[in-house]
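To start, the structure itself, in structure tokens.
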Amino acid sequence: MANTIEIVAPGLYATPKAEFIDGRNQVISKMREEIAELEEYMKTINAETEGYAACEKRLERCKKIIKDCEISIYIAKTQMNLQTNARFRGL
């Protein structure tokens, strides 16, 4: 019987697909919480300060992390079909 556990990447550090997707979803939720906190903090400080600029930079970074995680999830769900890919069939 074939192995029913789907793996994201081959090798020593291979992660089951479901765990990988769950991990990315956790990162997304943490980043969304941080974005909410930063937006609340930005309302309380002056727009000309260095702290405000740092918050804007961190907000952009958090949004980029969310976007990257969403792309990773999409790739894991759609393009990494291990049952049909001969390269990964032995996993």
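To be explicit about the labels: the chains of the structure tokens are called A, B, and onward in the order shown, and within each one the residues are counted from 1, while ligands get numbers from 1 in the order they are shown.
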
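Using only C-alpha atoms, the contacts of Ile66 of chain A at a cut-off of 7 Å, with sequence neighbours closer than 3 positions omitted, comprise Ile28, Met31, Cys62, Lys63, Cys69 and Glu70 of chain A.
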
For Ala54 of chain A, find every residue with an atom within 12 Å (counting only C-alpha atoms), except residues of its own chain fewer than 5 positions away, and show them as a PDB file with C-alpha atoms, in the first residue's frame.
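Writing done, so here's out_3.pdb:
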```
ATOM      1  CA  LEU A  38       0.772  48.260  14.924  1.00  0.00           C
ATOM      2  CA  GLU A  39      -2.186  50.072  13.384  1.00  0.00           C
ATOM      3  CA  TYR A  41      -0.130  52.057  18.001  1.00  0.00           C
ATOM      4  CA  MET A  42       0.283  54.230  14.910  1.00  0.00           C
ATOM      5  CA  ILE A  45       1.969  58.550  17.814  1.00  0.00           C
ATOM      6  CA  ALA A  47       3.315  60.889  11.961  1.00  0.00           C
ATOM      7  CA  GLU A  48       6.646  62.744  11.733  1.00  0.00           C
ATOM      8  CA  THR A  49       8.508  60.590  14.264  1.00  0.00           C
ATOM      9  CA  LEU A  59       3.561  46.848   8.513  1.00  0.00           C
ATOM     10  CA  GLU A  60       4.874  46.451   4.966  1.00  0.00           C
ATOM     11  CA  ARG A  61       7.078  43.568   6.092  1.00  0.00           C
TER      12      ARG A  61
END
```

Non-local contacts of Ile73 of chain A (9 Å; only C-alpha atoms; under 6 positions in same chain excluded) as a list in words: Phe20, Ile21, Arg24 and Asn25 of chain A

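The gap separating atom CA of Lys43 of chain A from atom CA of Asp68 of chain A is 27.0 Å, in Å to one decimal.
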
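Of the listed residues A:Thr15, A:Thr78, A:Asn46, A:Gln26, the one whose atoms come nearest to Ile65 of chain A is A:Gln26, with distances taken using only C-alpha atoms.
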
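Note that the spacing between atom CA of Lys77 of chain A and atom CA of Ser29 of chain A amounts to 18.7 Å.
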